[in-house]
$ cat target.pdb   # PDB, C-alpha atoms and all ligand atoms
ATOM      1  CA  MET A   1    -111.361  13.276-155.753
ATOM      2  CA  LYS A   2    -113.260  16.301-154.563
ATOM      3  CA  ASP A   3    -112.865  17.300-150.895
ATOM      4  CA  LYS A   4    -116.623  17.108-150.397
ATOM      5  CA  LEU A   5    -116.668  13.435-151.296
ATOM      6  CA  LEU A   6    -113.578  12.828-149.186
ATOM      7  CA  LEU A   7    -115.267  14.525-146.218
ATOM      8  CA  ASN A   8    -118.253  12.213-146.622
ATOM      9  CA  ILE A   9    -115.955   9.191-146.547
ATOM     10  CA  LEU A  10    -114.094  10.458-143.490
ATOM     11  CA  HIS A  11    -117.343  11.254-141.660
ATOM     12  CA  GLU A  12    -118.742   7.832-142.464
ATOM     13  CA  VAL A  13    -115.675   6.101-141.022
ATOM     14  CA  GLN A  14    -115.607   8.375-137.976
ATOM     15  CA  ASP A  15    -119.315   7.782-137.293
ATOM     16  CA  LYS A  16    -118.730   4.033-137.454
ATOM     17  CA  GLU A  17    -115.445   3.822-135.538
ATOM     18  CA  GLY A  18    -115.570   6.901-133.307
ATOM     19  CA  TYR A  19    -112.450   8.488-134.776
ATOM     20  CA  LEU A  20    -110.075   8.293-137.727
ATOM     21  CA  SER A  21    -107.373   5.873-136.715
ATOM     22  CA  GLU A  22    -104.157   5.511-138.674
ATOM     23  CA  LYS A  23    -105.338   2.056-139.697
ATOM     24  CA  SER A  24    -108.596   3.484-141.095
ATOM     25  CA  LEU A  25    -106.790   6.289-142.902
ATOM     26  CA  LYS A  26    -104.374   3.779-144.477
ATOM     27  CA  LYS A  27    -107.321   1.726-145.662
ATOM     28  CA  ILE A  28    -108.957   4.809-147.222
ATOM     29  CA  SER A  29    -105.606   5.779-148.736
ATOM     30  CA  VAL A  30    -105.276   2.424-150.503
ATOM     31  CA  GLU A  31    -108.925   2.100-151.468
ATOM     32  CA  TYR A  32    -109.257   5.586-152.978
ATOM     33  CA  ASN A  33    -105.618   6.121-153.983
ATOM     34  CA  ILE A  34    -105.260   9.231-151.806
ATOM     35  CA  PRO A  35    -101.874  10.023-150.250
ATOM     36  CA  MET A  36    -101.790   9.738-146.450
ATOM     37  CA  SER A  37    -100.434  13.296-146.265
ATOM     38  CA  LYS A  38    -103.598  14.597-147.932
ATOM     39  CA  LEU A  39    -105.818  12.520-145.666
ATOM     40  CA  TYR A  40    -104.049  13.821-142.570
ATOM     41  CA  SER A  41    -104.169  17.411-143.772
ATOM     42  CA  VAL A  42    -107.941  17.163-144.276
ATOM     43  CA  ALA A  43    -108.569  15.143-141.085
ATOM     44  CA  THR A  44    -106.636  17.607-138.931
ATOM     45  CA  PHE A  45    -107.957  20.760-140.642
ATOM     46  CA  TYR A  46    -111.643  20.264-139.832
ATOM     47  CA  THR A  47    -112.452  20.467-136.122
ATOM     48  CA  MET A  48    -115.309  17.987-136.464
ATOM     49  CA  LEU A  49    -112.905  15.266-137.558
ATOM     50  CA  ARG A  50    -110.837  13.486-134.894
ATOM     51  CA  THR A  51    -107.651  11.521-135.335
ATOM     52  CA  LYS A  52    -107.429  10.427-131.693
ATOM     53  CA  LYS A  53    -109.579   7.957-129.798
ATOM     54  CA  GLN A  54    -112.550   9.759-128.228
ATOM     55  CA  GLY A  55    -114.409   9.416-124.971
ATOM     56  CA  LYS A  56    -117.818   7.758-124.922
ATOM     57  CA  TYR A  57    -119.295  11.260-124.786
ATOM     58  CA  VAL A  58    -117.916  14.014-126.995
ATOM     59  CA  ILE A  59    -118.798  17.414-125.576
ATOM     60  CA  GLU A  60    -118.544  20.386-127.913
ATOM     61  CA  LEU A  61    -118.987  23.625-126.030
ATOM     62  CA  CYS A  62    -119.870  26.620-128.140
ATOM     63  CA  GLY A  63    -117.263  29.352-127.973
ATOM     64  CA  SER A  64    -118.966  31.893-130.227
ATOM     65  CA  PRO A  65    -120.031  35.373-129.100
ATOM     66  CA  SER A  66    -123.605  34.766-127.855
ATOM     67  CA  CYS A  67    -122.451  31.893-125.681
ATOM     68  CA  VAL A  68    -119.346  33.692-124.429
ATOM     69  CA  LEU A  69    -121.499  36.696-123.515
ATOM     70  CA  ASN A  70    -123.757  34.318-121.589
ATOM     71  CA  LYS A  71    -120.886  32.930-119.506
ATOM     72  CA  SER A  72    -119.778  29.857-121.456
ATOM     73  CA  ARG A  73    -116.261  30.501-120.107
ATOM     74  CA  GLU A  74    -117.525  29.574-116.630
ATOM     75  CA  ILE A  75    -118.802  26.286-118.035
ATOM     76  CA  GLU A  76    -115.531  25.710-119.866
ATOM     77  CA  LYS A  77    -113.553  26.198-116.643
ATOM     78  CA  PHE A  78    -115.979  23.946-114.770
ATOM     79  CA  LEU A  79    -115.627  21.152-117.355
ATOM     80  CA  GLU A  80    -111.837  21.367-117.217
ATOM     81  CA  ARG A  81    -111.838  21.338-113.410
ATOM     82  CA  GLU A  82    -114.485  18.621-113.032
ATOM     83  CA  LEU A  83    -113.000  16.276-115.647
ATOM     84  CA  LYS A  84    -109.380  17.168-114.826
ATOM     85  CA  ILE A  85    -108.564  17.816-118.475
ATOM     86  CA  GLU A  86    -108.061  20.740-120.786
ATOM     87  CA  ILE A  87    -110.154  21.528-123.826
ATOM     88  CA  GLY A  88    -109.195  19.071-126.588
ATOM     89  CA  GLU A  89    -108.462  16.214-124.191
ATOM     90  CA  THR A  90    -110.215  13.033-123.039
ATOM     91  CA  SER A  91    -110.855  12.206-119.384
ATOM     92  CA  LYS A  92    -108.806   9.393-117.857
ATOM     93  CA  ASP A  93    -111.885   7.179-117.542
ATOM     94  CA  ASP A  94    -112.412   7.544-121.325
ATOM     95  CA  LEU A  95    -115.923   8.865-120.734
ATOM     96  CA  PHE A  96    -115.589  12.477-121.874
ATOM     97  CA  SER A  97    -113.757  14.328-124.632
ATOM     98  CA  VAL A  98    -114.263  18.078-124.542
ATOM     99  CA  TYR A  99    -113.843  20.547-127.379
ATOM    100  CA  LYS A 100    -114.786  24.084-128.153
ATOM    101  CA  THR A 101    -116.734  24.656-131.303
ATOM    102  CA  SER A 102    -118.143  27.593-133.192
ATOM    103  CA  CYS A 103    -121.832  28.500-133.175
ATOM    104  CA  ILE A 104    -124.143  25.469-133.144
ATOM    105  CA  GLY A 105    -127.253  27.479-133.998
ATOM    106  CA  CYS A 106    -128.718  27.716-130.490
ATOM    107  CA  CYS A 107    -127.740  31.348-129.855
ATOM    108  CA  ASP A 108    -131.207  32.255-128.560
ATOM    109  CA  GLU A 109    -130.719  29.709-125.779
ATOM    110  CA  ALA A 110    -127.057  30.405-125.066
ATOM    111  CA  PRO A 111    -124.829  29.134-123.663
ATOM    112  CA  ALA A 112    -125.053  25.817-125.472
ATOM    113  CA  MET A 113    -123.112  22.629-126.138
ATOM    114  CA  LEU A 114    -123.462  19.382-128.024
ATOM    115  CA  VAL A 115    -123.022  15.968-126.443
ATOM    116  CA  ASN A 116    -122.544  13.370-129.157
ATOM    117  CA  GLY A 117    -124.320  15.759-131.492
ATOM    118  CA  GLU A 118    -127.332  16.391-129.224
ATOM    119  CA  PRO A 119    -127.848  20.029-128.195
ATOM    120  CA  TYR A 120    -128.009  21.106-124.546
ATOM    121  CA  THR A 121    -128.953  24.729-124.043
ATOM    122  CA  LYS A 122    -129.471  27.426-121.397
ATOM    123  CA  LEU A 123    -126.486  25.955-119.602
ATOM    124  CA  THR A 124    -125.377  26.854-116.124
ATOM    125  CA  VAL A 125    -122.597  25.232-114.121
ATOM    126  CA  LYS A 126    -125.287  23.509-112.021
ATOM    127  CA  ARG A 127    -127.031  22.151-115.118
ATOM    128  CA  VAL A 128    -123.766  20.923-116.664
ATOM    129  CA  LYS A 129    -122.923  19.162-113.390
ATOM    130  CA  GLU A 130    -126.308  17.388-113.555
ATOM    131  CA  ILE A 131    -125.768  16.495-117.207
ATOM    132  CA  LEU A 132    -122.363  14.939-116.416
ATOM    133  CA  GLU A 133    -123.878  12.958-113.528
ATOM    134  CA  GLU A 134    -126.647  11.691-115.798
ATOM    135  CA  LEU A 135    -124.174  10.700-118.519
ATOM    136  CA  ARG A 136    -121.970   8.890-115.974
ATOM    137  CA  LYS A 137    -125.035   7.029-114.718
ATOM    138  CA  ASN A 138    -126.039   6.057-118.265
ATOM    139  CA  ALA A 139    -122.503   4.899-119.043
ATOM    140  CA  ASN A 140    -122.565   2.498-116.108
ATOM    141  CA  SER A 141    -126.017   1.057-116.774
TER
HETATM  142  S1  LIG A 201    -123.151  31.493-130.316
HETATM  143 FE1  LIG A 201    -123.299  29.665-129.169
HETATM  144  S2  LIG A 201    -124.939  28.642-130.149
HETATM  145 FE2  LIG A 201    -124.640  30.391-131.388
END

$ encode --input "target.pdb" --output "structure tokens" --more "lines below"
Ligand code: FES
Amino acid sequence: MKDKLLLNILHEVQDKEGYLSEKSLKKISVEYNIPMSKLYSVATFYTMLRTKKQGKYVIELCGSPSCVLNKSREIEKFLERELKIEIGETSKDDLFSVYKTSCIGCCDEAPAMLVNGEPYTKLTVKRVKEILEELRKNANS
């Protein structure tokens, strides 16, 4: 099986279930006759694939040059402080998982991040604080 097809399968399952659980990977392994070791090596190689349960909102903060030059590190530190987690972790309330990603194509409006795939640009700490408040409100409604 070509990796491209395998990536489509893994994305499909992740989109449906939120992440690639061991149970899901075993099912794919049996169905497509792919060794678990290969599935894990692919699932852990690509940063857009997740093998751990994710928060309701997955935040991917761009860590590429245009965003770093426009102070994305301040936003990164704010997210870690505000959510009491480090990059790559999920908040205790299971609302937010935060990752760093490479360029998301919004360099002209840096710094930028994705929340569940939706772009948020021209970020400041104040704006990110408002975005988190809005997401918390939406999660409880
Ligand atoms: S460098 Fe951050 S969006 Fe391109």

$ atom_distance --input "target.pdb" --atom1 "atom CA of A:Glu130" --atom2 "atom CA of A:Cys62"
18.4 Å

$ residues_near_ligand --input "target.pdb" --ligand "ligand LIG 201 (chain A)" --cutoff "10 Å" --atoms "only C-alpha atoms and all ligand atoms" --output "PyMOL selection string"
chain A and resi 61-70+72+101-114+119-122

$ resolve_selection --input "target.pdb" --expression "the PyMOL selection byres (((chain A and resi 77-93) around 9) and not hetatm)" --output "PyMOL selection string"
chain A and resi 53-55+58+72-76+94-100+125+128-129

$ resolve_selection --input "target.pdb" --expression "the PyMOL selection byres (((chain A and resi 29-39) around 12) and not hetatm)" --output "PyMOL selection string"
chain A and resi 1-3+5-7+9-10+20-28+40-46+49-51

$ atom_distance --input "target.pdb" --atom1 "atom CA of A:Arg136" --atom2 "atom CA of A:Lys52"
21.5 Å

$ decode --input "target.pdb" --residues "stretch 9-128 of chain A" --atoms "C-alpha atoms" --output "PDB file, in the first residue's frame"
ATOM      1  CA  ILE A   9      -7.088   6.344   5.663  1.00  0.00           C
ATOM      2  CA  LEU A  10      -5.425   7.667   8.809  1.00  0.00           C
ATOM      3  CA  HIS A  11      -6.772  11.186   8.218  1.00  0.00           C
ATOM      4  CA  GLU A  12     -10.264   9.850   7.639  1.00  0.00           C
ATOM      5  CA  VAL A  13     -10.218   7.946  10.934  1.00  0.00           C
ATOM      6  CA  GLN A  14      -8.695  10.881  12.810  1.00  0.00           C
ATOM      7  CA  ASP A  15     -11.293  13.295  11.399  1.00  0.00           C
ATOM      8  CA  LYS A  16     -14.061  10.952  12.528  1.00  0.00           C
ATOM      9  CA  GLU A  17     -12.699   9.962  15.944  1.00  0.00           C
ATOM     10  CA  GLY A  18     -10.506  12.931  16.871  1.00  0.00           C
ATOM     11  CA  TYR A  19      -7.302  10.907  17.085  1.00  0.00           C
ATOM     12  CA  LEU A  20      -5.785   7.559  16.150  1.00  0.00           C
ATOM     13  CA  SER A  21      -6.453   5.276  19.071  1.00  0.00           C
ATOM     14  CA  GLU A  22      -4.747   1.918  19.434  1.00  0.00           C
ATOM     15  CA  LYS A  23      -8.119   0.300  18.814  1.00  0.00           C
ATOM     16  CA  SER A  24      -8.526   2.196  15.521  1.00  0.00           C
ATOM     17  CA  LEU A  25      -4.983   1.396  14.425  1.00  0.00           C
ATOM     18  CA  LYS A  26      -5.543  -2.312  15.170  1.00  0.00           C
ATOM     19  CA  LYS A  27      -8.693  -2.229  13.078  1.00  0.00           C
ATOM     20  CA  ILE A  28      -6.823  -0.605  10.165  1.00  0.00           C
ATOM     21  CA  SER A  29      -3.999  -3.109  10.626  1.00  0.00           C
ATOM     22  CA  VAL A  30      -6.369  -6.063  10.249  1.00  0.00           C
ATOM     23  CA  GLU A  31      -8.497  -4.543   7.508  1.00  0.00           C
ATOM     24  CA  TYR A  32      -5.591  -3.496   5.271  1.00  0.00           C
ATOM     25  CA  ASN A  33      -3.037  -6.090   6.403  1.00  0.00           C
ATOM     26  CA  ILE A  34      -0.548  -3.439   7.552  1.00  0.00           C
ATOM     27  CA  PRO A  35       1.747  -4.204  10.495  1.00  0.00           C
ATOM     28  CA  MET A  36       1.060  -2.110  13.605  1.00  0.00           C
ATOM     29  CA  SER A  37       4.723  -1.053  13.638  1.00  0.00           C
ATOM     30  CA  LYS A  38       4.297   0.559  10.218  1.00  0.00           C
ATOM     31  CA  LEU A  39       1.071   2.258  11.261  1.00  0.00           C
ATOM     32  CA  TYR A  40       2.708   3.679  14.377  1.00  0.00           C
ATOM     33  CA  SER A  41       5.775   4.832  12.477  1.00  0.00           C
ATOM     34  CA  VAL A  42       3.582   6.744  10.010  1.00  0.00           C
ATOM     35  CA  ALA A  43       1.150   8.041  12.667  1.00  0.00           C
ATOM     36  CA  THR A  44       3.962   9.378  14.847  1.00  0.00           C
ATOM     37  CA  PHE A  45       6.080  10.750  11.975  1.00  0.00           C
ATOM     38  CA  TYR A  46       3.557  13.276  10.654  1.00  0.00           C
ATOM     39  CA  THR A  47       2.801  16.114  13.068  1.00  0.00           C
ATOM     40  CA  MET A  48      -0.764  16.435  11.797  1.00  0.00           C
ATOM     41  CA  LEU A  49      -1.569  12.918  12.964  1.00  0.00           C
ATOM     42  CA  ARG A  50      -2.267  12.346  16.670  1.00  0.00           C
ATOM     43  CA  THR A  51      -2.104   9.117  18.607  1.00  0.00           C
ATOM     44  CA  LYS A  52      -3.366  10.623  21.870  1.00  0.00           C
ATOM     45  CA  LYS A  53      -6.830  11.858  22.758  1.00  0.00           C
ATOM     46  CA  GLN A  54      -7.158  15.552  21.871  1.00  0.00           C
ATOM     47  CA  GLY A  55      -8.879  18.494  23.470  1.00  0.00           C
ATOM     48  CA  LYS A  56     -12.115  19.806  21.992  1.00  0.00           C
ATOM     49  CA  TYR A  57     -10.034  22.564  20.401  1.00  0.00           C
ATOM     50  CA  VAL A  58      -6.713  21.761  18.761  1.00  0.00           C
ATOM     51  CA  ILE A  59      -4.560  24.871  18.542  1.00  0.00           C
ATOM     52  CA  GLU A  60      -1.654  24.798  16.111  1.00  0.00           C
ATOM     53  CA  LEU A  61       0.544  27.834  16.545  1.00  0.00           C
ATOM     54  CA  CYS A  62       2.821  28.614  13.645  1.00  0.00           C
ATOM     55  CA  GLY A  63       6.481  28.471  14.575  1.00  0.00           C
ATOM     56  CA  SER A  64       7.955  29.445  11.212  1.00  0.00           C
ATOM     57  CA  PRO A  65      10.113  32.533  10.638  1.00  0.00           C
ATOM     58  CA  SER A  66       7.502  35.195   9.750  1.00  0.00           C
ATOM     59  CA  CYS A  67       5.465  34.346  12.823  1.00  0.00           C
ATOM     60  CA  VAL A  68       8.481  34.077  15.118  1.00  0.00           C
ATOM     61  CA  LEU A  69       9.680  37.473  13.881  1.00  0.00           C
ATOM     62  CA  ASN A  70       6.229  38.839  14.709  1.00  0.00           C
ATOM     63  CA  LYS A  71       6.369  37.615  18.313  1.00  0.00           C
ATOM     64  CA  SER A  72       4.680  34.210  18.162  1.00  0.00           C
ATOM     65  CA  ARG A  73       6.951  33.165  21.052  1.00  0.00           C
ATOM     66  CA  GLU A  74       5.041  35.577  23.304  1.00  0.00           C
ATOM     67  CA  ILE A  75       1.805  33.872  22.288  1.00  0.00           C
ATOM     68  CA  GLU A  76       3.347  30.450  22.835  1.00  0.00           C
ATOM     69  CA  LYS A  77       4.406  31.409  26.371  1.00  0.00           C
ATOM     70  CA  PHE A  78       0.975  32.912  27.031  1.00  0.00           C
ATOM     71  CA  LEU A  79      -0.811  29.733  25.883  1.00  0.00           C
ATOM     72  CA  GLU A  80       1.411  27.573  28.080  1.00  0.00           C
ATOM     73  CA  ARG A  81       0.890  29.852  31.084  1.00  0.00           C
ATOM     74  CA  GLU A  82      -2.852  30.357  30.557  1.00  0.00           C
ATOM     75  CA  LEU A  83      -3.646  26.683  29.916  1.00  0.00           C
ATOM     76  CA  LYS A  84      -1.044  25.380  32.387  1.00  0.00           C
ATOM     77  CA  ILE A  85       0.414  23.001  29.815  1.00  0.00           C
ATOM     78  CA  GLU A  86       3.413  22.765  27.557  1.00  0.00           C
ATOM     79  CA  ILE A  87       3.325  22.628  23.786  1.00  0.00           C
ATOM     80  CA  GLY A  88       2.170  19.135  22.760  1.00  0.00           C
ATOM     81  CA  GLU A  89      -0.112  18.690  25.766  1.00  0.00           C
ATOM     82  CA  THR A  90      -3.852  18.873  26.468  1.00  0.00           C
ATOM     83  CA  SER A  91      -5.364  21.057  29.189  1.00  0.00           C
ATOM     84  CA  LYS A  92      -6.779  19.292  32.242  1.00  0.00           C
ATOM     85  CA  ASP A  93     -10.330  20.281  31.297  1.00  0.00           C
ATOM     86  CA  ASP A  94      -9.821  18.512  27.931  1.00  0.00           C
ATOM     87  CA  LEU A  95     -10.713  21.710  26.088  1.00  0.00           C
ATOM     88  CA  PHE A  96      -7.389  22.630  24.487  1.00  0.00           C
ATOM     89  CA  SER A  97      -4.498  20.762  22.894  1.00  0.00           C
ATOM     90  CA  VAL A  98      -1.678  23.013  21.753  1.00  0.00           C
ATOM     91  CA  TYR A  99       0.968  22.284  19.148  1.00  0.00           C
ATOM     92  CA  LYS A 100       3.487  24.179  17.132  1.00  0.00           C
ATOM     93  CA  THR A 101       3.313  23.778  13.411  1.00  0.00           C
ATOM     94  CA  SER A 102       5.227  24.989  10.402  1.00  0.00           C
ATOM     95  CA  CYS A 103       3.969  27.744   8.108  1.00  0.00           C
ATOM     96  CA  ILE A 104       0.195  27.673   7.575  1.00  0.00           C
ATOM     97  CA  GLY A 105       0.280  30.097   4.650  1.00  0.00           C
ATOM     98  CA  CYS A 106      -0.778  33.239   6.526  1.00  0.00           C
ATOM     99  CA  CYS A 107       2.681  34.838   6.683  1.00  0.00           C
ATOM    100  CA  ASP A 108       1.377  38.225   5.520  1.00  0.00           C
ATOM    101  CA  GLU A 109      -0.831  38.319   8.615  1.00  0.00           C
ATOM    102  CA  ALA A 110       1.645  36.826  11.072  1.00  0.00           C
ATOM    103  CA  PRO A 111       1.621  35.651  13.750  1.00  0.00           C
ATOM    104  CA  ALA A 112      -1.013  33.034  13.017  1.00  0.00           C
ATOM    105  CA  MET A 113      -2.512  29.828  14.375  1.00  0.00           C
ATOM    106  CA  LEU A 114      -5.148  27.278  13.493  1.00  0.00           C
ATOM    107  CA  VAL A 115      -7.944  26.242  15.829  1.00  0.00           C
ATOM    108  CA  ASN A 116      -9.482  23.006  14.604  1.00  0.00           C
ATOM    109  CA  GLY A 117      -8.164  23.902  11.172  1.00  0.00           C
ATOM    110  CA  GLU A 118      -9.576  27.453  11.101  1.00  0.00           C
ATOM    111  CA  PRO A 119      -6.975  30.220  10.722  1.00  0.00           C
ATOM    112  CA  TYR A 120      -6.647  33.059  13.239  1.00  0.00           C
ATOM    113  CA  THR A 121      -4.224  35.768  12.207  1.00  0.00           C
ATOM    114  CA  LYS A 122      -2.617  39.038  13.333  1.00  0.00           C
ATOM    115  CA  LEU A 123      -2.446  37.529  16.795  1.00  0.00           C
ATOM    116  CA  THR A 124      -1.552  39.387  19.938  1.00  0.00           C
ATOM    117  CA  VAL A 125      -1.645  38.055  23.486  1.00  0.00           C
ATOM    118  CA  LYS A 126      -4.811  40.123  24.046  1.00  0.00           C
ATOM    119  CA  ARG A 127      -6.481  38.657  20.958  1.00  0.00           C
ATOM    120  CA  VAL A 128      -5.520  35.083  21.887  1.00  0.00           C
TER     121      VAL A 128
END
